[in-house]
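Everything below belongs to upload.cif, which stores mmCIF, C-alpha atoms.
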```cif
data_start
loop_
_atom_site.label_atom_id
_atom_site.label_comp_id
_atom_site.auth_asym_id
_atom_site.auth_seq_id
_atom_site.Cartn_x
_atom_site.Cartn_y
_atom_site.Cartn_z
CA MET Y 1 2.33 -41.12 -37.18
CA PRO Y 2 1.07 -37.97 -35.45
CA PRO Y 3 -2.71 -37.46 -35.64
CA GLU Y 4 -2.40 -34.12 -37.44
CA ARG Y 5 -0.45 -35.83 -40.23
CA ARG Y 6 -2.92 -38.73 -40.52
CA ARG Y 7 -5.90 -36.44 -41.04
CA LYS Y 8 -4.72 -35.20 -44.44
CA LEU Y 9 -5.86 -37.50 -47.27
CA ARG Y 10 -4.19 -37.86 -50.63
CA PRO Y 11 -6.10 -36.07 -53.46
CA GLU Y 12 -7.28 -39.31 -55.12
CA GLU Y 13 -8.36 -40.80 -51.76
CA ALA Y 14 -10.14 -37.61 -50.78
CA ALA Y 15 -11.99 -37.54 -54.11
CA ALA Y 16 -13.20 -41.16 -53.75
CA PHE Y 17 -14.15 -40.59 -50.10
CA GLU Y 18 -16.10 -37.42 -50.95
CA ARG Y 19 -17.96 -39.08 -53.86
CA ILE Y 20 -19.25 -41.77 -51.48
CA LEU Y 21 -20.36 -39.21 -48.87
CA GLU Y 22 -22.25 -37.29 -51.57
CA GLN Y 23 -24.75 -40.18 -51.67
CA LEU Y 24 -25.71 -39.52 -48.05
CA THR Y 25 -28.06 -36.83 -46.77
CA ARG Y 26 -26.92 -34.09 -44.43
CA GLU Y 27 -28.79 -35.74 -41.55
CA GLU Y 28 -27.12 -39.12 -42.20
CA ARG Y 29 -23.64 -37.55 -42.22
CA GLU Y 30 -24.36 -35.71 -38.96
CA ALA Y 31 -25.47 -39.01 -37.38
CA LEU Y 32 -22.28 -40.78 -38.56
CA ALA Y 33 -20.06 -38.04 -37.13
CA ASN Y 34 -21.84 -38.34 -33.74
CA ILE Y 35 -22.68 -42.05 -33.82
CA TYR Y 36 -21.04 -42.91 -30.47
CA ASP Y 37 -22.88 -40.15 -28.60
CA LEU Y 38 -26.20 -41.18 -30.18
CA THR Y 39 -26.03 -44.97 -29.98
CA GLY Y 40 -22.89 -46.03 -28.12
CA ILE Y 41 -21.65 -47.73 -31.32
CA ARG Y 42 -18.17 -46.85 -32.48
CA LEU Y 43 -17.84 -45.86 -36.15
CA GLU Y 44 -15.42 -48.73 -36.86
CA GLU Y 45 -17.91 -51.20 -35.32
CA PHE Y 46 -20.76 -49.76 -37.41
CA PHE Y 47 -18.97 -50.24 -40.76
CA ASN Y 48 -17.53 -53.62 -39.77
CA THR Y 49 -21.05 -54.86 -38.96
CA LEU Y 50 -22.37 -53.58 -42.33
CA ALA Y 51 -19.47 -55.32 -44.08
CA ARG Y 52 -20.48 -58.67 -42.54
CA MET Y 53 -24.05 -58.29 -43.78
CA SER Y 54 -25.17 -59.48 -47.19
CA SER Y 55 -26.65 -56.99 -49.65
CA ARG Y 56 -30.15 -58.36 -48.88
CA GLU Y 57 -29.61 -57.90 -45.14
CA ARG Y 58 -28.43 -54.31 -45.64
CA GLU Y 59 -31.55 -53.72 -47.74
CA LEU Y 60 -33.82 -55.03 -44.97
CA LEU Y 61 -32.05 -53.21 -42.12
CA PRO Y 62 -34.05 -49.90 -42.25
CA THR Y 63 -37.36 -51.82 -42.27
CA VAL Y 64 -36.35 -54.03 -39.33
CA VAL Y 65 -35.22 -51.03 -37.24
CA ARG Y 66 -38.47 -49.17 -37.99
CA LYS Y 67 -40.66 -52.18 -37.17
CA SER Y 68 -38.70 -52.74 -33.95
CA ILE Y 69 -39.65 -49.23 -32.88
CA THR Y 70 -43.33 -49.39 -33.95
CA LEU Y 71 -43.73 -53.08 -32.93
CA GLU Y 72 -45.19 -53.98 -36.32
CA PRO Y 73 -45.28 -57.68 -37.35
CA MET Y 74 -42.19 -58.91 -39.26
CA THR Y 75 -41.62 -61.48 -41.96
CA ASP Y 76 -39.50 -64.57 -41.31
CA GLU Y 77 -36.61 -62.99 -43.17
CA GLU Y 78 -36.83 -59.82 -41.07
CA ARG Y 79 -37.04 -61.79 -37.80
CA SER Y 80 -33.94 -63.76 -38.82
CA LEU Y 81 -32.02 -60.52 -39.34
CA LEU Y 82 -33.22 -59.21 -35.94
CA TYR Y 83 -32.08 -62.44 -34.27
CA ASP Y 84 -28.59 -62.31 -35.88
CA TYR Y 85 -27.94 -58.64 -35.06
CA THR Y 86 -30.12 -58.06 -31.96
CA GLU Y 87 -27.75 -55.80 -30.02
CA PHE Y 88 -26.72 -53.79 -33.10
CA ILE Y 89 -30.35 -53.14 -34.15
CA GLU Y 90 -31.36 -52.32 -30.56
CA ARG Y 91 -28.75 -49.57 -30.47
CA LEU Y 92 -29.72 -48.23 -33.90
CA LYS Y 93 -33.22 -47.56 -32.57
CA ALA Y 94 -31.75 -44.47 -30.87
CA ALA Y 95 -30.83 -43.06 -34.32
CA PRO Y 96 -32.88 -44.85 -37.04
CA VAL Y 97 -31.44 -42.59 -39.75
CA LEU Y 98 -28.20 -44.60 -39.52
CA ALA Y 99 -30.03 -47.69 -40.78
CA ASP Y 100 -31.00 -45.80 -43.96
CA ILE Y 101 -27.30 -45.64 -44.90
CA ALA Y 102 -26.90 -49.43 -45.24
CA PRO Y 103 -28.76 -49.98 -48.58
CA LYS Y 104 -26.95 -47.03 -50.22
CA LEU Y 105 -23.45 -48.48 -49.89
CA THR Y 106 -21.66 -51.27 -51.76
CA PRO Y 107 -19.14 -53.54 -50.01
CA ALA Y 108 -16.26 -51.62 -51.66
CA GLN Y 109 -17.64 -48.29 -50.47
CA ILE Y 110 -18.11 -49.65 -46.92
CA THR Y 111 -14.45 -50.74 -46.94
CA ILE Y 112 -13.29 -47.25 -47.98
CA LEU Y 113 -15.39 -45.54 -45.30
CA ALA Y 114 -14.21 -48.01 -42.64
CA ALA Y 115 -10.60 -47.06 -43.41
CA TYR Y 116 -11.34 -43.53 -42.17
CA ALA Y 117 -13.62 -44.44 -39.26
CA HIS Y 118 -10.91 -43.31 -36.82
CA MET Y 119 -11.50 -39.74 -38.08
CA PRO Y 120 -15.25 -39.16 -37.48
CA GLU Y 121 -14.92 -35.43 -38.09
CA LEU Y 122 -14.36 -36.19 -41.79
CA PHE Y 123 -17.93 -37.47 -42.01
CA LYS Y 124 -19.44 -34.16 -40.92
CA PRO Y 125 -21.34 -32.31 -43.69
CA PRO Y 126 -19.90 -28.98 -44.88
CA PRO Y 127 -21.24 -25.94 -43.01
CA GLU Y 128 -24.34 -24.41 -44.54
CA LYS Y 129 -23.78 -21.10 -46.22
CA LYS Y 130 -25.84 -18.24 -44.96
CA PRO Y 131 -27.99 -16.59 -47.61
CA PRO Y 132 -26.60 -13.20 -48.65
CA GLU Y 133 -28.33 -10.23 -47.15
CA GLU Y 134 -30.72 -8.61 -49.54
CA LYS Y 135 -29.77 -5.08 -50.31
CA LYS Y 136 -32.63 -2.91 -51.34
CA PRO Y 137 -31.70 -0.93 -54.43
CA PRO Y 138 -32.34 2.81 -54.26
CA GLU Y 139 -35.69 3.76 -55.64
CA LYS Y 140 -35.53 5.23 -59.08
CA LYS Y 141 -37.99 7.64 -60.45
CA LYS Y 142 -39.78 6.28 -63.47
CA PRO Y 143 -39.07 8.29 -66.61
CA PRO Y 144 -42.06 9.52 -68.55
CA GLU Y 145 -43.36 6.88 -70.90
CA GLU Y 146 -42.40 7.46 -74.50
CA TRP Y 147 -44.09 6.16 -77.59
CA LYS Y 148 -42.40 3.03 -78.92
CA PRO Y 149 -42.82 1.64 -82.43
CA PRO Y 150 -44.30 -1.87 -82.65
CA GLU Y 151 -41.74 -4.67 -82.36
CA LYS Y 152 -40.72 -6.56 -85.47
CA PRO Y 153 -41.85 -10.20 -85.62
CA LYS Y 154 -39.27 -12.49 -84.03
CA ARG Y 155 -37.49 -15.19 -86.05
CA VAL Y 156 -38.96 -18.43 -84.79
CA TRP Y 157 -37.26 -21.81 -84.78
CA ARG Y 158 -37.82 -23.68 -88.00
CA SER Y 159 -38.77 -27.07 -86.55
CA TRP Y 160 -42.48 -26.26 -86.19
CA ALA Y 161 -43.09 -26.24 -89.92
CA PRO Y 162 -43.34 -28.47 -91.74
CA PHE Y 163 -40.99 -31.26 -90.52
CA LYS Y 164 -38.26 -31.99 -87.99
CA THR Y 165 -34.62 -32.17 -89.07
CA GLY Y 166 -34.05 -35.71 -87.79
CA GLU Y 167 -37.20 -37.00 -89.50
CA PHE Y 168 -36.15 -35.37 -92.79
CA ILE Y 169 -32.71 -37.01 -92.66
CA ARG Y 170 -34.39 -40.38 -92.09
CA ALA Y 171 -36.81 -39.84 -95.01
CA TYR Y 172 -34.02 -38.78 -97.35
CA LEU Y 173 -31.72 -41.68 -96.45
CA MET Y 174 -34.59 -44.15 -96.80
CA ALA Y 175 -35.36 -42.74 -100.26
CA LYS Y 176 -31.74 -42.40 -101.41
CA GLY Y 177 -30.16 -45.36 -99.65
CA GLU Y 178 -26.82 -43.66 -99.12
CA ALA Y 179 -25.99 -39.95 -99.01
CA THR Y 180 -23.46 -37.42 -97.72
CA PRO Y 181 -24.39 -34.78 -95.11
CA TYR Y 182 -23.95 -31.95 -97.65
CA GLU Y 183 -26.12 -33.65 -100.26
CA THR Y 184 -28.83 -34.20 -97.62
CA TYR Y 185 -28.56 -30.57 -96.52
CA ARG Y 186 -29.14 -29.32 -100.10
CA ALA Y 187 -32.25 -31.47 -100.34
CA PHE Y 188 -33.36 -30.21 -96.93
CA VAL Y 189 -33.13 -26.57 -98.07
CA TYR Y 190 -34.87 -27.32 -101.36
CA VAL Y 191 -37.75 -29.18 -99.68
CA LEU Y 192 -38.16 -26.36 -97.17
CA THR Y 193 -38.48 -23.91 -100.06
CA GLN Y 194 -40.99 -26.06 -101.89
CA ALA Y 195 -43.15 -26.20 -98.75
CA ILE Y 196 -44.21 -22.65 -99.62
CA THR Y 197 -47.11 -23.37 -101.91
CA ASP Y 198 -47.54 -19.84 -103.25
CA GLU Y 199 -45.23 -19.55 -106.30
CA SER Y 200 -44.87 -15.75 -106.24
CA PHE Y 201 -44.38 -15.74 -102.50
CA ARG Y 202 -41.69 -18.46 -102.77
CA LYS Y 203 -39.88 -16.44 -105.42
CA GLU Y 204 -39.96 -13.39 -103.15
CA VAL Y 205 -38.46 -15.45 -100.30
CA GLU Y 206 -35.70 -16.86 -102.53
CA GLU Y 207 -34.77 -13.41 -103.88
CA ALA Y 208 -34.61 -12.08 -100.30
CA GLY Y 209 -32.04 -14.76 -99.51
CA ALA Y 210 -34.13 -16.38 -96.79
CA VAL Y 211 -33.87 -19.76 -98.55
CA ARG Y 212 -31.50 -20.66 -101.37
CA VAL Y 213 -31.77 -23.70 -103.63
CA ASP Y 214 -28.64 -25.48 -104.84
CA GLY Y 215 -28.96 -26.15 -108.59
CA THR Y 216 -27.27 -29.52 -108.33
CA ILE Y 217 -29.89 -31.02 -106.03
CA ASP Y 218 -31.71 -34.19 -107.07
CA ARG Y 219 -35.01 -32.33 -107.47
CA LYS Y 220 -36.99 -35.37 -108.58
CA LEU Y 221 -36.08 -37.30 -105.45
CA ALA Y 222 -36.67 -34.24 -103.24
CA GLU Y 223 -40.11 -33.67 -104.73
CA ASP Y 224 -40.92 -37.36 -104.20
CA ILE Y 225 -40.10 -36.84 -100.51
CA ILE Y 226 -42.33 -33.76 -100.42
CA HIS Y 227 -45.39 -35.48 -101.88
CA LYS Y 228 -45.05 -39.05 -100.61
CA ARG Y 229 -42.97 -39.03 -97.43
CA ILE Y 230 -42.99 -35.62 -95.70
CA ILE Y 231 -45.78 -33.23 -96.63
CA LYS Y 232 -49.28 -34.29 -95.51
CA ALA Y 233 -52.68 -32.72 -96.14
CA ALA Y 234 -53.07 -31.77 -92.48
CA TRP Y 235 -49.80 -29.85 -92.61
CA GLU Y 236 -50.84 -28.06 -95.77
CA GLU Y 237 -53.96 -26.80 -93.98
CA GLU Y 238 -52.07 -25.70 -90.86
CA LEU Y 239 -48.99 -24.26 -92.60
CA PRO Y 240 -49.00 -20.47 -92.00
CA THR Y 241 -47.14 -19.48 -95.19
CA ILE Y 242 -47.22 -15.79 -94.27
CA ALA Y 243 -44.70 -16.52 -91.46
CA LEU Y 244 -42.19 -18.41 -93.59
CA PRO Y 245 -39.93 -15.39 -94.37
CA PHE Y 246 -39.13 -15.35 -90.65
CA VAL Y 247 -38.52 -19.08 -90.42
CA HIS Y 248 -34.96 -19.91 -89.36
CA LYS Y 249 -33.00 -22.06 -91.81
CA SER Y 250 -30.25 -23.86 -89.90
CA SER Y 251 -26.69 -23.57 -91.17
CA TYR Y 252 -24.82 -26.47 -92.74
CA ASN Y 253 -22.55 -26.81 -89.67
CA ASN Y 254 -25.58 -27.24 -87.38
CA PHE Y 255 -27.18 -29.64 -89.85
CA ARG Y 256 -24.00 -31.73 -90.15
CA ARG Y 257 -23.91 -32.10 -86.35
CA TYR Y 258 -27.12 -34.16 -86.61
CA PHE Y 259 -25.16 -36.84 -88.49
CA TYR Y 260 -22.66 -36.97 -85.60
CA ILE Y 261 -25.54 -37.35 -83.10
CA LEU Y 262 -27.38 -39.96 -85.17
CA GLU Y 263 -24.18 -41.99 -85.57
CA THR Y 264 -23.57 -41.85 -81.80
CA LEU Y 265 -27.14 -43.07 -81.21
CA GLY Y 266 -26.48 -46.00 -83.55
CA LEU Y 267 -29.19 -44.96 -86.03
CA ILE Y 268 -26.85 -44.41 -89.02
CA GLU Y 269 -23.47 -45.81 -90.03
CA ARG Y 270 -20.66 -44.84 -92.38
CA VAL Y 271 -20.44 -46.42 -95.83
CA GLY Y 272 -16.90 -47.05 -97.07
CA SER Y 273 -14.13 -44.54 -96.44
CA ARG Y 274 -13.91 -40.81 -97.09
CA GLU Y 275 -13.63 -39.70 -100.72
CA TRP Y 276 -12.01 -36.54 -102.09
CA ASP Y 277 -14.49 -34.20 -103.81
CA ALA Y 278 -12.31 -32.50 -106.42
CA ARG Y 279 -15.04 -30.04 -107.49
CA ARG Y 280 -15.61 -28.67 -103.97
CA ALA Y 281 -12.11 -29.46 -102.67
CA PHE Y 282 -13.06 -31.33 -99.49
CA PHE Y 283 -13.53 -34.89 -98.30
CA LYS Y 284 -17.01 -36.40 -98.27
CA GLN Y 285 -18.39 -39.36 -96.35
CA LYS Y 286 -21.56 -41.29 -97.16
CA TYR Y 287 -23.98 -42.61 -94.52
CA ARG Y 288 -26.90 -45.03 -94.44
CA ILE Y 289 -29.53 -46.07 -91.90
CA VAL Y 290 -28.56 -49.03 -89.70
CA LYS Y 291 -30.77 -51.99 -90.59
CA GLY Y 292 -33.71 -52.29 -88.19
CA LYS Y 293 -33.42 -48.68 -86.95
CA GLU Y 294 -35.80 -47.12 -89.49
CA ASP Y 295 -38.63 -46.71 -86.95
CA ASP Y 296 -36.52 -45.97 -83.88
CA LYS Y 297 -38.10 -43.44 -81.49
CA ALA Y 298 -34.94 -41.30 -81.29
CA TRP Y 299 -35.42 -39.99 -84.87
CA GLU Y 300 -38.09 -37.62 -83.52
CA ALA Y 301 -35.69 -35.79 -81.16
CA PRO Y 302 -32.09 -37.10 -81.44
CA GLN Y 303 -30.60 -34.47 -79.11
CA LEU Y 304 -33.08 -35.36 -76.34
CA TYR Y 305 -32.06 -39.04 -76.32
CA LEU Y 306 -28.31 -38.32 -76.45
CA TYR Y 307 -27.85 -35.03 -74.54
CA PRO Y 308 -30.97 -34.43 -72.38
CA LEU Y 309 -29.45 -31.33 -70.79
CA THR Y 310 -28.78 -29.52 -74.09
CA TRP Y 311 -32.24 -30.28 -75.41
CA ILE Y 312 -34.11 -27.92 -73.05
CA GLY Y 313 -32.97 -24.72 -74.77
CA LYS Y 314 -31.33 -21.53 -73.54
CA ARG Y 315 -34.18 -20.05 -71.47
CA ARG Y 316 -34.97 -23.17 -69.46
CA TYR Y 317 -31.25 -23.84 -68.95
CA GLU Y 318 -30.88 -20.35 -67.47
CA THR Y 319 -33.80 -21.12 -65.14
CA LEU Y 320 -32.03 -24.35 -64.12
CA LEU Y 321 -28.88 -22.34 -63.32
CA ASP Y 322 -30.96 -19.96 -61.16
CA ASP Y 323 -32.53 -22.89 -59.28
CA THR Y 324 -29.10 -24.44 -58.66
CA ALA Y 325 -27.60 -21.17 -57.39
CA ARG Y 326 -30.62 -20.65 -55.11
CA ARG Y 327 -30.26 -24.19 -53.70
CA LEU Y 328 -26.64 -23.41 -52.79
CA ASN Y 329 -27.58 -20.01 -51.31
CA LEU Y 330 -25.37 -18.26 -53.88
CA ASP Y 331 -25.89 -15.41 -56.28
CA LEU Y 332 -25.98 -16.52 -59.92
CA GLU Y 333 -22.75 -14.61 -60.60
CA GLU Y 334 -21.02 -16.43 -57.72
CA PHE Y 335 -22.27 -19.78 -58.97
CA LEU Y 336 -20.99 -19.11 -62.52
CA GLU Y 337 -17.54 -18.36 -61.09
CA LEU Y 338 -17.26 -21.92 -59.70
CA PRO Y 339 -15.06 -24.41 -61.63
CA TYR Y 340 -16.84 -26.14 -64.51
CA GLU Y 341 -16.79 -29.61 -62.94
CA GLU Y 342 -18.27 -28.29 -59.69
CA ARG Y 343 -21.02 -26.37 -61.55
CA LYS Y 344 -21.91 -29.47 -63.56
CA ARG Y 345 -22.06 -31.63 -60.43
CA GLU Y 346 -24.37 -29.19 -58.65
CA ILE Y 347 -26.64 -28.88 -61.71
CA ILE Y 348 -27.04 -32.67 -61.81
CA ARG Y 349 -27.80 -32.66 -58.06
CA THR Y 350 -30.54 -30.06 -58.62
CA ILE Y 351 -32.12 -32.29 -61.27
CA GLU Y 352 -31.75 -35.35 -59.02
CA LYS Y 353 -33.59 -33.63 -56.17
CA SER Y 354 -36.35 -32.11 -58.36
CA PRO Y 355 -39.04 -34.36 -59.90
CA GLU Y 356 -40.23 -31.25 -61.76
CA TRP Y 357 -36.92 -30.88 -63.62
CA GLN Y 358 -36.78 -34.60 -64.30
CA LYS Y 359 -40.19 -34.27 -65.92
CA LYS Y 360 -39.14 -31.22 -67.96
CA LEU Y 361 -36.06 -33.07 -69.22
CA LYS Y 362 -38.13 -36.22 -69.94
CA LEU Y 363 -35.52 -38.28 -68.07
CA LYS Y 364 -37.89 -41.23 -67.46
CA GLU Y 365 -38.61 -41.47 -71.18
CA VAL Y 366 -34.91 -41.25 -72.10
CA ALA Y 367 -33.89 -43.74 -69.37
CA ASP Y 368 -36.52 -46.24 -70.60
CA TYR Y 369 -35.16 -45.83 -74.14
CA TRP Y 370 -31.65 -46.82 -73.01
CA GLY Y 371 -32.94 -49.51 -70.64
CA ILE Y 372 -31.44 -47.90 -67.53
CA THR Y 373 -32.75 -46.16 -64.42
CA VAL Y 374 -33.08 -42.40 -64.05
CA THR Y 375 -30.22 -42.55 -61.52
CA GLY Y 376 -28.06 -44.31 -64.10
CA LEU Y 377 -28.95 -41.68 -66.70
CA LEU Y 378 -28.02 -38.87 -64.28
CA ARG Y 379 -24.70 -40.62 -63.66
CA ARG Y 380 -24.13 -40.74 -67.43
CA MET Y 381 -24.92 -37.01 -67.66
CA ARG Y 382 -22.60 -36.27 -64.71
CA TRP Y 383 -19.59 -38.03 -66.27
CA GLU Y 384 -20.60 -37.34 -69.91
CA THR Y 385 -20.31 -40.99 -70.98
CA TYR Y 386 -22.60 -40.54 -73.97
CA GLN Y 387 -20.49 -42.28 -76.60
CA PRO Y 388 -19.99 -46.07 -76.63
CA LEU Y 389 -16.33 -46.88 -75.91
CA GLU Y 390 -15.85 -48.75 -79.19
CA LEU Y 391 -17.21 -45.81 -81.21
CA LEU Y 392 -14.96 -43.44 -79.24
CA ARG Y 393 -11.91 -45.53 -80.18
CA GLU Y 394 -12.93 -45.55 -83.86
CA ARG Y 395 -13.33 -41.76 -83.85
CA ALA Y 396 -9.95 -41.29 -82.17
CA GLU Y 397 -8.23 -43.46 -84.80
CA ARG Y 398 -10.09 -41.64 -87.58
CA ALA Y 399 -9.05 -38.24 -86.19
CA GLU Y 400 -5.38 -39.31 -86.19
CA LYS Y 401 -5.68 -40.50 -89.80
CA ILE Y 402 -7.41 -37.25 -90.87
CA GLY Y 403 -4.60 -35.27 -89.23
CA VAL Y 404 -2.05 -37.11 -91.39
CA GLU Y 405 -4.16 -36.53 -94.53
CA LYS Y 406 -4.54 -32.81 -93.84
CA SER Y 407 -0.83 -32.53 -93.12
CA GLY Y 408 -0.09 -34.13 -96.52
CA VAL Y 409 -2.44 -31.71 -98.31
CA LEU Y 410 -0.81 -28.66 -96.66
CA ARG Y 411 2.71 -29.92 -97.38
CA GLY Y 412 1.71 -30.39 -101.01
CA LYS Y 413 0.58 -26.75 -101.18
CA ILE Y 414 3.87 -25.61 -99.64
CA GLU Y 415 5.84 -27.65 -102.18
CA ARG Y 416 3.87 -26.29 -105.15
CA ARG Y 417 4.38 -22.72 -103.92
CA ARG Y 418 8.11 -23.38 -103.49
CA ARG Y 419 8.38 -24.58 -107.09
CA ARG Y 420 6.63 -21.46 -108.41
CA THR Y 421 9.04 -19.11 -106.61
#
```

Show me the file's structure as structure tokens.
Amino acid sequence: MPPERRRKLRPEEAAAFERILEQLTREEREALANIYDLTGIRLEEFFNTLARMSSRERELLPTVVRKSITLEPMTDEERSLLYDYTEFIERLKAAPVLADIAPKLTPAQITILAAYAHMPELFKPPPEKKPPEEKKPPEKKKPPEEWKPPEKPKRVWRSWAPFKTGEFIRAYLMAKGEATPYETYRAFVYVLTQAITDESFRKEVEEAGAVRVDGTIDRKLAEDIIHKRIIKAAWEEELPTIALPFVHKSSYNNFRRYFYILETLGLIERVGSREWDARRAFFKQKYRIVKGKEDDKAWEAPQLYLYPLTWIGKRRYETLLDDTARRLNLDLEEFLELPYEERKREIIRTIEKSPEWQKKLKLKEVADYWGITVTGLLRRMRWETYQPLELLRERAERAEKIGVEKSGVLRGKIERRRRRT
């Protein structure tokens, strides 16, 4: 086969090949592309030698090469590796960065790379993009300063006072045993209203429509939560009631999403099957806390432990986008025009290379919660494998069943209308 035909890889092969090379630094890829000039080792020989090594030997290789250069004392295990691969290690001393590649690759990945060792130009890193030239905007004359009225107080997020949404759902389910999302939401709104201790002030807030109370709520149970489970004396002292008219009350759709997140985390489970609510004309589903999960850490911030990237909020996410675009030497507008998968991959790379962002996202804390490494968590974020496979299958089957149910309801409406005409 002519060389020009052999150089073109199939899309699936190219994708696998590129994913492996993404683990390597720019310097390591440059060294691979020029390995024969640097060390006299052919690329095929390099990968074949790594394939013969055990995983422990590949792990020790960078240390042995470094100690061979600095003449530091070696352990028995390191001397054994030096004895078995004397000539190979001696040549690697001319380019020690090549030894750093060995621990990063699995046997399967080494096999894939070896298959393309006859095309060393494929291992070269992509050319660096030059930063765009800064164009100085024309100087504008400042208009005369005009008097501006004072800004209205901003609507703050509700979670600061007096309880978090996830913690309220836990308290309500512990008190009730089983409950639907809508029933829990009505209690949530009622308890939020009752947190305003000033009766006249609370009435003013209710009349303004800031907080509405559903008349069908189990008030006795909700008040029990207020006094025994949620509201504490310290909160009562710190609660700035004057700011409550500007407190944001989340919508039912946002509140219901918490049940989806909590179920995915394995903190709650469905009870029975869906029931038809004739009074409100929709299906309802009851939930309860999974036994043993009452004191789980994820109740405090469910979104953090399931979707770390969505937890940081809009402003910090925009800062993360700016950092990623700057790392790629692109304008933010150019970066946002990239395909979604490419943008997501580059965002994850920015986090991977920045301990500061890992700290902001609390990745170590989340990784410890799941019992995985930060690298494993970043891989989960990259491929969005948040849901357990078994739960994903259950939800797919449930969605198909709901589609049939909804189809039956709509066909019934069509039939009743046909009879009336």

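When all atoms listed in the file are used to compute distances to Tyr369 in chain Y, the closest of the residues Y:Ile402, Y:Pro302, Y:Leu330, Y:Glu394 turns out to be Y:Pro302.
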
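Taking CA of Pro120 in chain Y and CA of Leu43 in chain Y as the two end points, the separation is 7.3 Å.
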
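A straight line drawn from CA of Gly371 in chain Y to CA of Lys297 in chain Y is 13.5 Å long.
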
From Y:Arg170, Y:Lys104, Y:Gln303, Y:Met53, residue lying nearest Tyr260 in chain Y [all atoms listed in the file]: Y:Gln303

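Distances to Thr106 in chain Y were evaluated for Y:Leu328, Y:Leu71, Y:Ile20, Y:Leu378 using all atoms listed in the file, and the minimum falls at Y:Ile20.
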
Once the PyMOL selection byres ((chain Y and resi 333-347) around 8) is applied to the coordinates I shared, what remains selected? I want it as a tab-separated table (two decimals) with C-alpha atoms, keeping the file's coordinate frame.
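Listing of part.tsv after writing:
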```
chain	number	residue	atom	x	y	z
Y	320	LEU	CA	-32.03	-24.35	-64.12
Y	321	LEU	CA	-28.88	-22.34	-63.32
Y	324	THR	CA	-29.10	-24.44	-58.66
Y	325	ALA	CA	-27.60	-21.17	-57.39
Y	330	LEU	CA	-25.37	-18.26	-53.88
Y	331	ASP	CA	-25.89	-15.41	-56.28
Y	332	LEU	CA	-25.98	-16.52	-59.92
Y	348	ILE	CA	-27.04	-32.67	-61.81
Y	349	ARG	CA	-27.80	-32.66	-58.06
Y	350	THR	CA	-30.54	-30.06	-58.62
Y	351	ILE	CA	-32.12	-32.29	-61.27
Y	382	ARG	CA	-22.60	-36.27	-64.71
```

Long-range neighbours of range 23-36 of chain Y as a VMD selection string, 8 Å cut-off, only C-alpha atoms, 5 positions minimum in chain: chain Y and resid 41 to 43 95 97 to 98 100 to 101 104 120 to 125

CA of Ala102 in chain Y sits from CA of Thr49 in chain Y at a separation of 10.2 Å

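Ranking Y:Pro131, Y:Pro388, Y:Pro181, Y:Gly166 by their shortest atom-to-atom distance to Asp296 in chain Y, with only C-alpha atoms included, puts Y:Gly166 first.
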
Closest of Y:Lys353, Y:Arg416, Y:Lys164, Y:Lys135 to Phe188 in chain Y, counting only C-alpha atoms, is Y:Lys164
